2 protein chains.
Amino acid sequence: MAGSVVLVSGGMDSAVCLGIAAKDSERLVALSFDYGQRHKKELEAASLLASHYKAEHIVLNLPGFSVWKASALTDPCVSVPDFEGVRRGQAPVTYVPARNTVFLSFALSLAEAYDLDAIFIGVNALDYSGYADCRPLFIERFQTLVDVATQRTAEGGMPILLEAPLLRSSKAQIVRLGAELGVPFELTWSCYRGEERPCGACDSCVLRAKGFKDAGLVDPLMVAP
Amino acid sequence: MAGSVVLVSGGMDSAVCLGIAAKDSERLVALSFDYGQRHKKELEAASLLASHYKAEHIVLNLPGFSVWKASALTDPCVSVPDFEGVRRGQAPVTYVPARNTVFLSFALSLAEAYDLDAIFIGVNALDYSGYADCRPLFIERFQTLVDVATQRTAEGGMPILLEAPLLRSSKAQIVRLGAELGVPFELTWSCYRGEERPCGACDSCVLRAKGFKDAGLVDPLMVAP
């Protein structure tokens with residue numbers, strides 16, 4: 001594969017995606033977004049991961065979401081709930097409208113500009129329950145859009161492939177796959193709160209902890225320093 | 001219709017779109033992008049148009065395209081060709097990879113955040129010949145993506161409608177429609193070059209001039225001051 005762009009948030013799933021893409025890509029570009037997240041620990045993690053995989057790292061500053069104050073992840077007036085506070089079957093308060101559509105659109109632009117073959121995104125089945133834009137159907141529809149959205153395909157070239165290798169994986173499967181690939185989990189950051197250590201209580205921390213527990217592995221971030 | 005977001009570049013087509021949306025929208029939001037265009041005259045025109053229609057105007061600063069130096073519109077090292085210099089049947093050098101995908105993605109995020117009903121985009125048949133992301137097929141595929149991309153539809157709500165009312169119009173038809181609607185063409189800006197008056201020679205100027213001529217109307221921008 002000549003080249004891939006990987007959406008890298010700095011979390012565990014995007015790190016495993018980067019590990020998967022790194023195996024087969026001659027050119028590897030990590031793309032991250034600074035979109036008004038409450039803390040920058042995610043972006044620091046993304047940067048460390050990109051360095052680890054010797055990927056070119058592009059961080060785009062996106063003002064949009066904070067302009068229309070979209071969610072608890074970007075609006076300082078909304079507090080991040082603990083796991084118990086998340087309403088199951090509804091969009092969590094941490095939902096950012098159309099975030100993955102925006103992120104994938106930029107990845108598509110970059111992939112066409114750099115003539116890359118694939119876009120990797122680490123959406124998975126556990127997010128599926130909460131976010132519309134993490135569902136398999138969303139990924140399928142985005143691929144059908146990509147098939148006609150670029151000049152490259154309009155002129156007869158190969159379409160850019162949207163790869164979501166973790167789409168139907170459980171967190172435990174993702175942990176195991178990452179361990180097999182040697183993904184440096186100690187460089188990742190999942191917690192929605194940006195304190196010195198993961199809070200262990202937010203939605204993201206609870207899902208991560210369950211993943212490591214079910215995989216029978218220890219999360220290096222949770223080992224006492 | 002409760003509310004619409006209109007992508008407003010400041011050009012003639014987006015001005016007519018704004019005029020169409022203004023008829024039926026209680027809440028009207030104009031969305032523009034500062035993405036490293038060579039000149040700001042387009043954005044000034046967008047601002048004047050939004051004021052004219054009493055629309056809320058949001059201008060987002062998008063760094064992405066200039067980061068990956070996408071085209072003559074954003075890269076100061078590529079010159080804008082005259083009409084004769086544009087290679088027909090291929091993407092013009094002014095093509096910005098996946099630009100409409102990115103723009104529509106932000107419009108979708110805004111529409112969901114503000115609970116609006118429709119997104120208006122002024123793509124049309126004349127652009128169709130040159131740009132992959134101005135084709136009817138692209139608009140159709142984007143709608144099928146929108147249908148599954150938001151939390152609103154995932155929870156049973158009405159999908160946001162993508163409106164491209166000029167999709168199959170000629171420039172002359174657009175000029176006539178705009179004239180009927182009282183669109184203030186004197187506030188618009190189409191020229192790819194950002195000088196005091198339109199250059200009259202770039203692709204965009206030539207298509208605009210042909211539109212006014214075929215419609216049998218005078219372009220207020222081309223009247224001697």
# chains A, B, ... in the order shown; residues from 1 in each chain; ligands from 1

call {"tool": "interface_residues", "arguments": {"of": "chain A", "to": "chain B", "cutoff": "7 Å", "atoms": "only C-alpha atoms", "output": "ChimeraX atom specification"}}
result
/A:60-64,68,70,91,97-98,101-102,105-106,108-110,112-113,131-133,138,141-142,144-145,148-151,154

call {"tool": "residues_around", "arguments": {"residues": "Leu217 in chain B", "least_positions_apart": "2", "cutoff": "9 Å", "atoms": "only C-alpha atoms", "output": "ChimeraX atom specification"}}
result
/B:175-176,179,211-215,219

call {"tool": "write_last_selection", "arguments": {"atoms": "N, CA and C atoms", "output": "mmCIF file, in the first residue's frame"}}
result
data_model
loop_
_atom_site.group_PDB
_atom_site.id
_atom_site.type_symbol
_atom_site.label_atom_id
_atom_site.label_comp_id
_atom_site.auth_asym_id
_atom_site.auth_seq_id
_atom_site.Cartn_x
_atom_site.Cartn_y
_atom_site.Cartn_z
ATOM 1 N N VAL B 175 -28.976 33.705 -13.223
ATOM 2 C CA VAL B 175 -29.060 35.171 -13.269
ATOM 3 C C VAL B 175 -30.527 35.610 -13.305
ATOM 4 N N ARG B 176 -31.321 34.956 -14.148
ATOM 5 C CA ARG B 176 -32.743 35.325 -14.256
ATOM 6 C C ARG B 176 -33.476 35.080 -12.939
ATOM 7 N N ALA B 179 -32.522 37.677 -10.463
ATOM 8 C CA ALA B 179 -33.157 38.961 -10.767
ATOM 9 C C ALA B 179 -34.610 38.966 -10.297
ATOM 10 N N GLY B 211 -23.295 34.215 -18.446
ATOM 11 C CA GLY B 211 -24.598 34.084 -17.790
ATOM 12 C C GLY B 211 -25.432 35.346 -17.923
ATOM 13 N N PHE B 212 -24.831 36.488 -17.626
ATOM 14 C CA PHE B 212 -25.572 37.756 -17.742
ATOM 15 C C PHE B 212 -25.944 38.021 -19.193
ATOM 16 N N LYS B 213 -24.998 37.765 -20.101
ATOM 17 C CA LYS B 213 -25.262 38.016 -21.518
ATOM 18 C C LYS B 213 -26.419 37.146 -22.015
ATOM 19 N N ASP B 214 -26.361 35.851 -21.713
ATOM 20 C CA ASP B 214 -27.411 34.933 -22.169
ATOM 21 C C ASP B 214 -28.764 35.264 -21.538
ATOM 22 N N ALA B 215 -28.729 35.822 -20.338
ATOM 23 C CA ALA B 215 -29.981 36.196 -19.669
ATOM 24 C C ALA B 215 -30.500 37.544 -20.174
ATOM 25 N N ASP B 219 -24.619 42.970 -15.744
ATOM 26 C CA ASP B 219 -23.993 42.690 -14.453
ATOM 27 C C ASP B 219 -23.659 44.025 -13.788
#

call {"tool": "select_by_dssp", "arguments": {"residues": "range 96-194 of chain B", "states": "strand (DSSP E or B)", "output": "list of chain:residue names"}}
result
B:Ala118, B:Ile119, B:Phe120, B:Leu161, B:Leu162, B:Glu163

call {"tool": "residues_around", "arguments": {"residues": "Asp13 in chain A", "least_positions_apart": "3", "cutoff": "10 Å", "atoms": "only C-alpha atoms", "output": "MDAnalysis selection string"}}
result
chainID A and resid 8:10 16:19 121:124 165:166 171 174:175 178 185 188 190 208

call {"tool": "write_last_selection", "arguments": {"atoms": "N, CA and C atoms", "output": "mmCIF file, in the first residue's frame"}}
result
data_model
loop_
_atom_site.group_PDB
_atom_site.id
_atom_site.type_symbol
_atom_site.label_atom_id
_atom_site.label_comp_id
_atom_site.auth_asym_id
_atom_site.auth_seq_id
_atom_site.Cartn_x
_atom_site.Cartn_y
_atom_site.Cartn_z
ATOM 1 N N VAL A 8 -5.996 10.101 14.268
ATOM 2 C CA VAL A 8 -5.399 9.739 15.559
ATOM 3 C C VAL A 8 -5.856 10.721 16.626
ATOM 4 N N SER A 9 -6.715 10.238 17.515
ATOM 5 C CA SER A 9 -7.210 11.099 18.600
ATOM 6 C C SER A 9 -6.241 11.074 19.780
ATOM 7 N N GLY A 10 -5.462 10.020 19.861
ATOM 8 C CA GLY A 10 -4.603 9.822 21.018
ATOM 9 C C GLY A 10 -5.138 8.730 21.930
ATOM 10 N N VAL A 16 -4.348 1.645 18.024
ATOM 11 C CA VAL A 16 -4.328 0.310 17.408
ATOM 12 C C VAL A 16 -4.484 0.443 15.887
ATOM 13 N N CYS A 17 -5.336 1.362 15.468
ATOM 14 C CA CYS A 17 -5.480 1.645 14.028
ATOM 15 C C CYS A 17 -4.158 2.054 13.399
ATOM 16 N N LEU A 18 -3.455 2.907 14.102
ATOM 17 C CA LEU A 18 -2.154 3.359 13.609
ATOM 18 C C LEU A 18 -1.208 2.164 13.500
ATOM 19 N N GLY A 19 -1.255 1.284 14.500
ATOM 20 C CA GLY A 19 -0.429 0.069 14.468
ATOM 21 C C GLY A 19 -0.764 -0.815 13.274
ATOM 22 N N ILE A 121 -9.858 4.822 10.316
ATOM 23 C CA ILE A 121 -10.570 5.436 11.429
ATOM 24 C C ILE A 121 -10.898 4.351 12.459
ATOM 25 N N GLY A 122 -10.694 4.665 13.718
ATOM 26 C CA GLY A 122 -10.794 3.656 14.777
ATOM 27 C C GLY A 122 -12.158 3.543 15.440
ATOM 28 N N VAL A 123 -13.237 3.791 14.706
ATOM 29 C CA VAL A 123 -14.563 3.627 15.314
ATOM 30 C C VAL A 123 -14.788 2.148 15.629
ATOM 31 N N ASN A 124 -15.545 1.887 16.681
ATOM 32 C CA ASN A 124 -15.807 0.486 17.023
ATOM 33 C C ASN A 124 -17.186 0.274 17.617
ATOM 34 N N PRO A 165 -11.006 -0.915 10.740
ATOM 35 C CA PRO A 165 -10.714 -2.311 11.084
ATOM 36 C C PRO A 165 -11.245 -2.746 12.455
ATOM 37 N N LEU A 166 -11.628 -1.770 13.287
ATOM 38 C CA LEU A 166 -12.099 -2.127 14.631
ATOM 39 C C LEU A 166 -13.616 -2.026 14.746
ATOM 40 N N LYS A 171 -13.952 -3.949 23.008
ATOM 41 C CA LYS A 171 -12.761 -3.309 23.583
ATOM 42 C C LYS A 171 -11.716 -4.365 23.932
ATOM 43 N N ILE A 174 -9.864 -5.334 20.911
ATOM 44 C CA ILE A 174 -8.955 -4.251 20.514
ATOM 45 C C ILE A 174 -7.690 -4.270 21.383
ATOM 46 N N VAL A 175 -7.874 -4.486 22.674
ATOM 47 C CA VAL A 175 -6.709 -4.563 23.574
ATOM 48 C C VAL A 175 -5.805 -5.723 23.159
ATOM 49 N N GLY A 178 -4.039 -4.970 19.883
ATOM 50 C CA GLY A 178 -2.990 -3.974 20.130
ATOM 51 C C GLY A 178 -1.772 -4.604 20.789
ATOM 52 N N PHE A 185 0.493 1.196 24.475
ATOM 53 C CA PHE A 185 -0.692 1.709 25.182
ATOM 54 C C PHE A 185 -0.324 2.749 26.239
ATOM 55 N N THR A 188 -0.977 6.280 25.143
ATOM 56 C CA THR A 188 -2.348 6.698 24.776
ATOM 57 C C THR A 188 -3.037 7.434 25.918
ATOM 58 N N SER A 190 -7.224 8.152 27.108
ATOM 59 C CA SER A 190 -8.642 7.950 26.820
ATOM 60 C C SER A 190 -9.560 8.834 27.667
ATOM 61 N N ARG A 208 -12.610 1.507 28.802
ATOM 62 C CA ARG A 208 -11.212 1.081 28.638
ATOM 63 C C ARG A 208 -10.836 0.044 29.700
#

call {"tool": "atom_distance", "arguments": {"atom1": "CA of Gly156 in chain B", "atom2": "CA of Leu7 in chain B"}}
result
26.3 Å

call {"tool": "closest_residue", "arguments": {"among": "B:Trp189, B:Asp24, B:Ala55, B:Pro136", "to": "Leu43 in chain B", "atoms": "only C-alpha atoms"}}
result
B:Trp189

call {"tool": "decode", "arguments": {"residues": "range 92-127 of chain B", "atoms": "C-alpha atoms", "output": "mmCIF file, in the first residue's frame"}}
result
data_model
loop_
_atom_site.group_PDB
_atom_site.id
_atom_site.type_symbol
_atom_site.label_atom_id
_atom_site.label_comp_id
_atom_site.auth_asym_id
_atom_site.auth_seq_id
_atom_site.Cartn_x
_atom_site.Cartn_y
_atom_site.Cartn_z
ATOM 1 C CA PRO B 92 -9.117 22.820 -13.089
ATOM 2 C CA VAL B 93 -5.995 23.880 -11.212
ATOM 3 C CA THR B 94 -8.403 25.803 -8.989
ATOM 4 C CA TYR B 95 -9.815 22.490 -7.688
ATOM 5 C CA VAL B 96 -9.476 22.078 -3.912
ATOM 6 C CA PRO B 97 -9.613 18.363 -2.971
ATOM 7 C CA ALA B 98 -12.886 17.417 -1.266
ATOM 8 C CA ARG B 99 -13.754 21.044 -0.577
ATOM 9 C CA ASN B 100 -17.508 20.620 -0.827
ATOM 10 C CA THR B 101 -17.354 17.475 1.304
ATOM 11 C CA VAL B 102 -15.610 19.462 4.029
ATOM 12 C CA PHE B 103 -17.939 22.469 3.693
ATOM 13 C CA LEU B 104 -21.083 20.328 3.777
ATOM 14 C CA SER B 105 -19.776 18.408 6.793
ATOM 15 C CA PHE B 106 -19.476 21.601 8.793
ATOM 16 C CA ALA B 107 -22.911 22.719 7.602
ATOM 17 C CA LEU B 108 -24.266 19.371 8.804
ATOM 18 C CA SER B 109 -22.678 19.794 12.224
ATOM 19 C CA LEU B 110 -24.084 23.305 12.529
ATOM 20 C CA ALA B 111 -27.532 22.228 11.301
ATOM 21 C CA GLU B 112 -27.671 19.459 13.880
ATOM 22 C CA ALA B 113 -26.378 21.676 16.691
ATOM 23 C CA TYR B 114 -28.931 24.415 15.875
ATOM 24 C CA ASP B 115 -31.722 21.948 14.991
ATOM 25 C CA LEU B 116 -32.142 23.363 11.481
ATOM 26 C CA ASP B 117 -34.069 21.612 8.706
ATOM 27 C CA ALA B 118 -32.028 22.225 5.602
ATOM 28 C CA ILE B 119 -28.582 22.885 4.162
ATOM 29 C CA PHE B 120 -28.437 24.977 0.967
ATOM 30 C CA ILE B 121 -25.490 24.754 -1.405
ATOM 31 C CA GLY B 122 -25.190 26.643 -4.687
ATOM 32 C CA VAL B 123 -23.470 24.033 -6.834
ATOM 33 C CA ASN B 124 -24.620 24.058 -10.450
ATOM 34 C CA ALA B 125 -24.411 22.327 -13.784
ATOM 35 C CA LEU B 126 -21.679 24.523 -15.201
ATOM 36 C CA ASP B 127 -19.316 23.660 -12.394
#
